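Chemist: The following file, final.pdb, comprises PDB, C-alpha atoms, pLDDT in the B column:
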```
ATOM      1  CA  MET A   1      12.116 -30.101   2.293  1.00 57.00           C
ATOM      2  CA  VAL A   2      15.425 -30.065   4.107  1.00 61.00           C
ATOM      3  CA  THR A   3      16.275 -26.945   6.066  1.00 64.00           C
ATOM      4  CA  PRO A   4      19.539 -25.405   4.833  1.00 59.00           C
ATOM      5  CA  ASP A   5      22.179 -25.304   7.510  1.00 72.00           C
ATOM      6  CA  THR A   6      24.207 -22.348   6.246  1.00 79.00           C
ATOM      7  CA  LEU A   7      23.387 -18.973   4.797  1.00 76.00           C
ATOM      8  CA  THR A   8      25.264 -19.616   1.551  1.00 77.00           C
ATOM      9  CA  ILE A   9      23.321 -22.799   0.856  1.00 76.00           C
ATOM     10  CA  TRP A  10      20.046 -20.978   1.540  1.00 72.00           C
ATOM     11  CA  LEU A  11      21.046 -18.126  -0.803  1.00 75.00           C
ATOM     12  CA  LYS A  12      21.973 -20.589  -3.568  1.00 77.00           C
ATOM     13  CA  GLU A  13      18.536 -22.192  -3.278  1.00 79.00           C
ATOM     14  CA  GLN A  14      16.794 -18.815  -3.377  1.00 81.00           C
ATOM     15  CA  ALA A  15      18.857 -17.207  -6.165  1.00 80.00           C
ATOM     16  CA  TRP A  16      16.451 -18.070  -8.997  1.00 82.00           C
ATOM     17  CA  PRO A  17      13.269 -16.860  -7.289  1.00 85.00           C
ATOM     18  CA  ILE A  18      14.964 -13.666  -6.070  1.00 86.00           C
ATOM     19  CA  GLY A  19      16.479 -13.092  -9.524  1.00 87.00           C
ATOM     20  CA  ILE A  20      13.073 -13.517 -11.186  1.00 90.00           C
ATOM     21  CA  ILE A  21      11.478 -11.038  -8.781  1.00 93.00           C
ATOM     22  CA  VAL A  22      14.255  -8.485  -9.338  1.00 92.00           C
ATOM     23  CA  ALA A  23      13.998  -8.929 -13.116  1.00 94.00           C
ATOM     24  CA  CYS A  24      10.206  -8.393 -12.996  1.00 95.00           C
ATOM     25  CA  VAL A  25      10.606  -5.206 -10.936  1.00 96.00           C
ATOM     26  CA  VAL A  26      13.267  -3.838 -13.317  1.00 95.00           C
ATOM     27  CA  LEU A  27      11.129  -4.745 -16.341  1.00 96.00           C
ATOM     28  CA  ALA A  28       8.077  -3.018 -14.833  1.00 95.00           C
ATOM     29  CA  PHE A  29      10.136   0.090 -14.089  1.00 95.00           C
ATOM     30  CA  LEU A  30      11.482   0.223 -17.645  1.00 95.00           C
ATOM     31  CA  LEU A  31       8.005  -0.279 -19.077  1.00 95.00           C
ATOM     32  CA  LEU A  32       6.636   2.628 -17.009  1.00 92.00           C
ATOM     33  CA  LYS A  33       9.589   4.832 -17.963  1.00 92.00           C
ATOM     34  CA  ILE A  34       9.128   4.133 -21.680  1.00 93.00           C
ATOM     35  CA  SER A  35       5.375   4.673 -21.424  1.00 90.00           C
ATOM     36  CA  ALA A  36       5.830   8.054 -19.702  1.00 83.00           C
ATOM     37  CA  SER A  37       8.427   9.108 -22.269  1.00 85.00           C
ATOM     38  CA  ARG A  38       6.142   8.191 -25.180  1.00 90.00           C
ATOM     39  CA  ARG A  39       3.237  10.050 -23.562  1.00 83.00           C
ATOM     40  CA  HIS A  40       5.315  13.223 -23.144  1.00 80.00           C
ATOM     41  CA  LYS A  41       6.469  13.032 -26.769  1.00 85.00           C
ATOM     42  CA  ALA A  42       2.878  12.543 -27.942  1.00 85.00           C
ATOM     43  CA  LEU A  43       1.711  15.532 -25.879  1.00 79.00           C
ATOM     44  CA  ALA A  44       4.484  17.682 -27.339  1.00 79.00           C
ATOM     45  CA  ARG A  45       3.500  16.616 -30.872  1.00 84.00           C
ATOM     46  CA  GLU A  46      -0.235  17.195 -30.294  1.00 85.00           C
ATOM     47  CA  ARG A  47       0.347  20.600 -28.717  1.00 82.00           C
ATOM     48  CA  ASN A  48       2.793  21.894 -31.274  1.00 86.00           C
ATOM     49  CA  GLY A  49       2.366  25.667 -31.584  1.00 86.00           C
ATOM     50  CA  ILE A  50       1.166  26.279 -28.031  1.00 87.00           C
ATOM     51  CA  THR A  51       3.465  28.795 -26.401  1.00 89.00           C
ATOM     52  CA  GLU A  52       3.478  31.078 -23.400  1.00 91.00           C
ATOM     53  CA  THR A  53       1.948  33.804 -25.580  1.00 92.00           C
ATOM     54  CA  THR A  54      -0.875  31.668 -26.964  1.00 92.00           C
ATOM     55  CA  PHE A  55      -1.578  30.271 -23.479  1.00 93.00           C
ATOM     56  CA  ALA A  56      -1.883  33.794 -22.018  1.00 93.00           C
ATOM     57  CA  ALA A  57      -3.958  35.035 -24.975  1.00 93.00           C
ATOM     58  CA  HIS A  58      -6.369  32.107 -24.598  1.00 92.00           C
ATOM     59  CA  LEU A  59      -6.915  32.812 -20.903  1.00 92.00           C
ATOM     60  CA  GLU A  60      -7.170  36.572 -21.501  1.00 93.00           C
ATOM     61  CA  ARG A  61     -10.328  35.944 -23.559  1.00 94.00           C
ATOM     62  CA  TYR A  62     -11.930  34.587 -20.379  1.00 92.00           C
ATOM     63  CA  GLY A  63     -10.951  37.537 -18.189  1.00 92.00           C
ATOM     64  CA  PHE A  64      -7.627  36.307 -16.834  1.00 92.00           C
ATOM     65  CA  ASP A  65      -4.665  38.637 -16.441  1.00 92.00           C
ATOM     66  CA  PRO A  66      -2.254  37.757 -19.278  1.00 93.00           C
ATOM     67  CA  VAL A  67       0.788  38.701 -17.171  1.00 93.00           C
ATOM     68  CA  ILE A  68      -0.178  36.217 -14.441  1.00 93.00           C
ATOM     69  CA  ALA A  69      -1.070  33.532 -17.006  1.00 94.00           C
ATOM     70  CA  ALA A  70       2.240  33.951 -18.864  1.00 94.00           C
ATOM     71  CA  ALA A  71       4.251  33.981 -15.621  1.00 94.00           C
ATOM     72  CA  THR A  72       2.516  30.790 -14.485  1.00 94.00           C
ATOM     73  CA  TYR A  73       3.231  29.061 -17.794  1.00 94.00           C
ATOM     74  CA  ARG A  74       6.869  30.153 -17.686  1.00 93.00           C
ATOM     75  CA  TYR A  75       7.274  29.048 -14.038  1.00 92.00           C
ATOM     76  CA  LEU A  76       5.833  25.600 -14.717  1.00 92.00           C
ATOM     77  CA  GLN A  77       8.082  25.147 -17.751  1.00 91.00           C
ATOM     78  CA  GLU A  78      11.301  26.426 -16.175  1.00 90.00           C
ATOM     79  CA  ARG A  79      11.078  25.696 -12.453  1.00 90.00           C
ATOM     80  CA  GLN A  80       8.842  22.623 -12.352  1.00 89.00           C
ATOM     81  CA  ARG A  81      10.431  21.243 -15.529  1.00 87.00           C
ATOM     82  CA  VAL A  82       7.281  20.503 -17.509  1.00 87.00           C
ATOM     83  CA  ASN A  83       8.801  19.561 -20.865  1.00 84.00           C
ATOM     84  CA  PHE A  84       5.749  19.895 -23.089  1.00 86.00           C
ATOM     85  CA  PRO A  85       3.299  22.706 -23.916  1.00 90.00           C
ATOM     86  CA  ILE A  86       0.772  23.358 -21.150  1.00 91.00           C
ATOM     87  CA  LEU A  87      -2.984  23.794 -21.540  1.00 92.00           C
ATOM     88  CA  PRO A  88      -5.253  25.515 -18.997  1.00 92.00           C
ATOM     89  CA  GLY A  89      -7.167  22.274 -18.390  1.00 91.00           C
ATOM     90  CA  ASP A  90      -4.087  20.206 -17.577  1.00 91.00           C
ATOM     91  CA  GLN A  91      -4.233  18.611 -14.164  1.00 91.00           C
ATOM     92  CA  LEU A  92      -1.341  19.615 -11.946  1.00 90.00           C
ATOM     93  CA  ASP A  93      -0.802  16.136 -10.543  1.00 89.00           C
ATOM     94  CA  GLU A  94      -1.769  13.685 -13.275  1.00 86.00           C
ATOM     95  CA  ASP A  95      -0.765  15.618 -16.386  1.00 84.00           C
ATOM     96  CA  LEU A  96       2.134  17.737 -15.121  1.00 86.00           C
ATOM     97  CA  GLY A  97       3.429  15.296 -12.502  1.00 86.00           C
ATOM     98  CA  LEU A  98       3.402  17.729  -9.567  1.00 88.00           C
ATOM     99  CA  ASP A  99       2.874  16.399  -6.063  1.00 89.00           C
ATOM    100  CA  SER A 100       1.321  18.398  -3.219  1.00 87.00           C
ATOM    101  CA  GLU A 101       4.705  19.767  -2.122  1.00 91.00           C
ATOM    102  CA  ASP A 102       5.438  20.966  -5.676  1.00 90.00           C
ATOM    103  CA  ILE A 103       2.042  22.670  -5.852  1.00 89.00           C
ATOM    104  CA  THR A 104       2.562  24.378  -2.484  1.00 88.00           C
ATOM    105  CA  GLN A 105       6.048  25.513  -3.569  1.00 90.00           C
ATOM    106  CA  THR A 106       4.604  26.827  -6.848  1.00 90.00           C
ATOM    107  CA  VAL A 107       1.886  28.822  -5.074  1.00 89.00           C
ATOM    108  CA  ARG A 108       4.317  30.328  -2.566  1.00 89.00           C
ATOM    109  CA  GLU A 109       6.971  31.257  -5.118  1.00 91.00           C
ATOM    110  CA  MET A 110       4.473  32.557  -7.686  1.00 91.00           C
ATOM    111  CA  THR A 111       2.729  34.813  -5.153  1.00 91.00           C
ATOM    112  CA  VAL A 112       6.110  36.303  -4.204  1.00 89.00           C
ATOM    113  CA  ASN A 113       7.194  36.669  -7.852  1.00 90.00           C
ATOM    114  CA  LEU A 114       3.937  38.409  -8.752  1.00 90.00           C
ATOM    115  CA  GLY A 115       3.996  40.721  -5.729  1.00 89.00           C
ATOM    116  CA  ARG A 116       0.940  39.078  -4.230  1.00 88.00           C
ATOM    117  CA  GLN A 117       0.153  37.879  -0.719  1.00 84.00           C
ATOM    118  CA  PHE A 118      -0.111  34.171  -0.056  1.00 79.00           C
ATOM    119  CA  ASN A 119      -3.541  33.753   1.456  1.00 75.00           C
ATOM    120  CA  PRO A 120      -4.372  30.076   1.993  1.00 71.00           C
ATOM    121  CA  GLY A 121      -7.915  31.067   3.019  1.00 70.00           C
ATOM    122  CA  LEU A 122      -8.671  31.786  -0.637  1.00 65.00           C
ATOM    123  CA  LEU A 123      -8.632  28.088  -1.425  1.00 67.00           C
ATOM    124  CA  HIS A 124     -12.175  26.756  -1.071  1.00 70.00           C
ATOM    125  CA  LYS A 125     -11.238  23.689  -3.052  1.00 78.00           C
ATOM    126  CA  PRO A 126      -7.959  22.031  -3.955  1.00 83.00           C
ATOM    127  CA  LEU A 127      -5.965  23.262  -6.926  1.00 86.00           C
ATOM    128  CA  VAL A 128      -6.541  20.685  -9.632  1.00 91.00           C
ATOM    129  CA  THR A 129      -5.839  22.352 -12.964  1.00 92.00           C
ATOM    130  CA  VAL A 130      -3.467  24.999 -14.284  1.00 93.00           C
ATOM    131  CA  GLU A 131      -6.484  27.279 -14.719  1.00 93.00           C
ATOM    132  CA  ASP A 132      -7.307  26.863 -10.998  1.00 91.00           C
ATOM    133  CA  LEU A 133      -3.736  27.909 -10.185  1.00 91.00           C
ATOM    134  CA  VAL A 134      -3.935  31.028 -12.378  1.00 92.00           C
ATOM    135  CA  ARG A 135      -7.357  31.887 -10.909  1.00 90.00           C
ATOM    136  CA  MET A 136      -6.030  31.560  -7.340  1.00 89.00           C
ATOM    137  CA  LEU A 137      -2.965  33.698  -8.117  1.00 89.00           C
ATOM    138  CA  GLN A 138      -5.134  36.371  -9.730  1.00 89.00           C
ATOM    139  CA  ALA A 139      -7.470  36.394  -6.717  1.00 85.00           C
ATOM    140  CA  SER A 140      -4.581  36.796  -4.263  1.00 83.00           C
ATOM    141  CA  PRO A 141      -4.384  40.361  -2.926  1.00 80.00           C
ATOM    142  CA  ARG A 142      -1.467  42.526  -3.999  1.00 83.00           C
ATOM    143  CA  HIS A 143       1.177  43.514  -1.486  1.00 74.00           C
ATOM    144  CA  VAL A 144       0.484  46.986  -0.190  1.00 71.00           C
ATOM    145  CA  ALA A 145       3.627  49.101   0.022  1.00 62.00           C
ATOM    146  CA  VAL A 146       4.228  50.974   3.295  1.00 49.00           C
ATOM    147  CA  SER A 147       4.110  54.363   1.529  1.00 49.00           C
ATOM    148  CA  GLU A 148       0.754  53.454  -0.087  1.00 50.00           C
ATOM    149  CA  ALA A 149      -0.777  52.367   3.218  1.00 49.00           C
ATOM    150  CA  ALA A 150       0.055  55.665   4.972  1.00 47.00           C
TER     151      ALA A 150
END
```
Would it be possible to restate this file's structure as structure tokens?

Modeler:
Amino acid sequence: MVTPDTLTIWLKEQAWPIGIIVACVVLAFLLLKISASRRHKALARERNGITETTFAAHLERYGFDPVIAAATYRYLQERQRVNFPILPGDQLDEDLGLDSEDITQTVREMTVNLGRQFNPGLLHKPLVTVEDLVRMLQASPRHVAVSEAA
């Protein structure tokens, strides 16, 4: 094979292979995007009728505070932009698409919103499911007002 002596000649020789690689990457991206979209639509269809109220009522049967459960559901829907109904067993990362930074942000903001103290020592294990998140928020101690402490 002859070595090309200019950059333009080399680029002309490599245009097809580079074009094929770019086309494959774009096709893979589109395939993943369509697959994720179809999965979200299927989840929304399967979970039709699940609302913040039914989510909180379900967890209340197992001893969870319905106010914390409803606030968690609402936060995940509005702030973390989960566009389908949420179940307690949904995994934060795989099902809801939250990364570790999103989970940390959720815990910090939810503890403040609920008037609770963020206490990272409460976590014996990582937060995996929505139920784990609600359980951790419920176990977080409430802020003690200065007038109450005196």

Chemist: As number ranges by chain, please: the residues near range 128-143 of chain A (cut-off 7 Å, only C-alpha atoms, same-chain neighbours under 2 positions excluded).

Modeler: A: 68-69, 72, 88-92, 111, 115-119, 126, 145

Chemist: Got a sec to check which residues sit within 12 Å of (2.2, 31.5, -26.9), counting only C-alpha atoms, and write them as number ranges by chain?

Modeler: A: 47-60, 66, 69-71, 73-74, 85-87

Chemist: Mind dumping the selected residues with C-alpha atoms as a PDB file, in the frame of the given file?

Modeler:
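After the write, again-v9.pdb holds the following:
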```pdb
ATOM      1  CA  ARG A  47       0.347  20.600 -28.717  1.00 82.00           C
ATOM      2  CA  ASN A  48       2.793  21.894 -31.274  1.00 86.00           C
ATOM      3  CA  GLY A  49       2.366  25.667 -31.584  1.00 86.00           C
ATOM      4  CA  ILE A  50       1.166  26.279 -28.031  1.00 87.00           C
ATOM      5  CA  THR A  51       3.465  28.795 -26.401  1.00 89.00           C
ATOM      6  CA  GLU A  52       3.478  31.078 -23.400  1.00 91.00           C
ATOM      7  CA  THR A  53       1.948  33.804 -25.580  1.00 92.00           C
ATOM      8  CA  THR A  54      -0.875  31.668 -26.964  1.00 92.00           C
ATOM      9  CA  PHE A  55      -1.578  30.271 -23.479  1.00 93.00           C
ATOM     10  CA  ALA A  56      -1.883  33.794 -22.018  1.00 93.00           C
ATOM     11  CA  ALA A  57      -3.958  35.035 -24.975  1.00 93.00           C
ATOM     12  CA  HIS A  58      -6.369  32.107 -24.598  1.00 92.00           C
ATOM     13  CA  LEU A  59      -6.915  32.812 -20.903  1.00 92.00           C
ATOM     14  CA  GLU A  60      -7.170  36.572 -21.501  1.00 93.00           C
ATOM     15  CA  PRO A  66      -2.254  37.757 -19.278  1.00 93.00           C
ATOM     16  CA  ALA A  69      -1.070  33.532 -17.006  1.00 94.00           C
ATOM     17  CA  ALA A  70       2.240  33.951 -18.864  1.00 94.00           C
ATOM     18  CA  ALA A  71       4.251  33.981 -15.621  1.00 94.00           C
ATOM     19  CA  TYR A  73       3.231  29.061 -17.794  1.00 94.00           C
ATOM     20  CA  ARG A  74       6.869  30.153 -17.686  1.00 93.00           C
ATOM     21  CA  PRO A  85       3.299  22.706 -23.916  1.00 90.00           C
ATOM     22  CA  ILE A  86       0.772  23.358 -21.150  1.00 91.00           C
ATOM     23  CA  LEU A  87      -2.984  23.794 -21.540  1.00 92.00           C
TER      24      LEU A  87
END
```

Chemist: Tell me which of A:Met110, A:Val82, A:Val144, A:Leu127 sits closest to Ala44 in chain A, counting all atoms listed in the file.

Modeler: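 For Ala44 in chain A, the nearest of the given residues is A:Val82.
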
Chemist: Distance CA of Ser100 in chain A-CA of His40 in chain A, one decimal place?

Modeler: 21.0 Å

Chemist: Do you have the CA of Ala42 in chain A-CA of Glu101 in chain A distance handy?

Modeler: 26.9 Å

Chemist: Rank A:Phe84, A:Gly97, A:Asp102, A:Arg108 by their smallest atom-to-atom distance to Glu46 in chain A, using all atoms listed in the file, and report the top residue only.

Modeler: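 So, comparing all the options, the nearest one is A:Phe84.
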
Chemist: Using CA of Leu32 in chain A and CA of Ile20 in chain A as the two end points, give the distance in Å to one decimal.

Modeler: 18.3 Å
